[in-house]
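For reference, final_5.pdb is printed below; it contains PDB, C-alpha atoms.
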```pdb
ATOM      1  CA  MET A 847     -25.365 -13.743  22.199
ATOM      2  CA  SER A 848     -23.826 -10.799  23.993
ATOM      3  CA  ALA A 849     -20.885  -8.817  22.666
ATOM      4  CA  THR A 850     -18.606 -10.141  25.422
ATOM      5  CA  ILE A 851     -19.299 -13.775  24.595
ATOM      6  CA  ALA A 852     -18.777 -13.070  20.900
ATOM      7  CA  ARG A 853     -15.355 -11.574  21.636
ATOM      8  CA  VAL A 854     -14.396 -14.545  23.811
ATOM      9  CA  ARG A 855     -15.477 -16.996  21.084
ATOM     10  CA  ALA A 856     -13.438 -15.079  18.518
ATOM     11  CA  LEU A 857     -10.405 -15.143  20.811
ATOM     12  CA  LEU A 858     -10.826 -18.865  21.452
ATOM     13  CA  TYR A 859     -11.148 -19.487  17.718
ATOM     14  CA  VAL A 860      -7.685 -18.015  17.189
ATOM     15  CA  VAL A 861      -6.023 -19.312  20.371
ATOM     16  CA  LEU A 862      -7.196 -22.885  19.962
ATOM     17  CA  HIS A 863      -6.015 -23.062  16.342
ATOM     18  CA  PRO A 864      -2.467 -21.643  16.178
ATOM     19  CA  LYS A 865      -2.103 -22.649  12.505
ATOM     20  CA  ARG A 866      -4.885 -20.230  11.647
ATOM     21  CA  LEU A 867      -3.100 -17.474  13.548
ATOM     22  CA  LEU A 868       0.143 -18.226  11.729
ATOM     23  CA  ALA A 869      -1.680 -18.296   8.392
ATOM     24  CA  LEU A 870      -3.274 -14.943   9.161
ATOM     25  CA  LEU A 871       0.052 -13.402  10.166
ATOM     26  CA  GLY A 872       1.727 -14.870   7.087
ATOM     27  CA  ALA A 873      -0.974 -13.467   4.819
ATOM     28  CA  LEU A 874      -0.683 -10.018   6.393
ATOM     29  CA  LEU A 875       3.105 -10.053   6.103
ATOM     30  CA  GLY A 876       2.928 -11.279   2.511
ATOM     31  CA  GLY A 877       0.439  -8.580   1.573
ATOM     32  CA  PHE A 878       2.553  -5.884   3.204
ATOM     33  CA  LEU A 879       5.701  -7.074   1.426
ATOM     34  CA  TYR A 880       3.860  -7.231  -1.909
ATOM     35  CA  VAL A 881       2.702  -3.621  -1.597
ATOM     36  CA  TRP A 882       6.151  -2.500  -0.369
ATOM     37  CA  ILE A 883       7.983  -4.128  -3.284
ATOM     38  CA  ALA A 884       5.459  -2.812  -5.820
ATOM     39  CA  ALA A 885       5.888   0.713  -4.449
ATOM     40  CA  VAL A 886       9.684   0.529  -4.470
ATOM     41  CA  ARG A 887       9.744  -0.814  -8.038
ATOM     42  CA  SER A 888       7.489   1.975  -9.325
ATOM     43  CA  VAL A 889       9.478   4.876  -7.823
ATOM     44  CA  PRO A 890      11.868   5.451 -10.782
ATOM     45  CA  ARG A 891       9.006   5.542 -13.300
ATOM     46  CA  VAL A 892       7.028   7.956 -11.139
ATOM     47  CA  LYS A 893      10.028  10.269 -10.851
ATOM     48  CA  GLU A 894      10.532  10.167 -14.627
ATOM     49  CA  ARG A 895       6.877  11.032 -15.273
ATOM     50  CA  LYS A 896       6.968  13.903 -12.805
ATOM     51  CA  THR A 897      10.167  15.293 -14.322
ATOM     52  CA  ALA A 898       8.706  15.086 -17.833
ATOM     53  CA  TRP A 899       5.502  16.786 -16.706
ATOM     54  CA  ARG A 900       7.451  19.624 -15.036
ATOM     55  CA  ARG A 901       9.578  20.080 -18.172
ATOM     56  CA  GLU A 902       6.456  20.277 -20.344
ATOM     57  CA  TRP A 903       4.850  22.734 -17.926
ATOM     58  CA  ARG A 904       7.872  25.040 -17.999
ATOM     59  CA  GLU A 905       8.078  24.928 -21.806
ATOM     60  CA  ARG A 906       4.342  25.379 -22.488
ATOM     61  CA  ALA A 907       3.073  28.096 -24.800
ATOM     62  CA  ARG A 908       1.880  31.081 -22.834
ATOM     63  CA  ALA A 909      -0.564  33.821 -23.746
ATOM     64  CA  ARG A 910       1.735  36.500 -22.301
ATOM     65  CA  PRO A 911       5.463  35.726 -22.663
TER      66      PRO A 911
END
```
Translate the structure of the given file into structure tokens.
Amino acid sequence: MSATIARVRALLYVVLHPKRLLALLGALLGGFLYVWIAAVRSVPRVKERKTAWRREWRERARARP
């Protein structure tokens, strides 16, 4: 089977079954929203960790004061 025919069959697979296309789009949107919400929820904790790390770094014991 040539590459052109394979592409046409793949296109027909999606075009002839619109529910599959909608399911695919829904899954992609759901995955994107999941990652977006997870990232937004973790921002305050990340900022707190970075601030604590910077504070510790500034207050570390140094060989030459």
One decimal, in Å: what's the spacing between CA of Glu905 (chain A) and CA of Lys893 (chain A)?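 According to the coordinates, CA of Glu905 (chain A) and CA of Lys893 (chain A) are separated by 18.4 Å.
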Quick one: distance from CA of Leu871 (chain A) to CA of Tyr859 (chain A) in Å, one decimal?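 Going from CA of Leu871 (chain A) over to CA of Tyr859 (chain A) covers 14.8 Å.
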State, in Å with one decimal place, the distance from CA of Ala885 (chain A) to CA of Leu870 (chain A). 22.7 Å
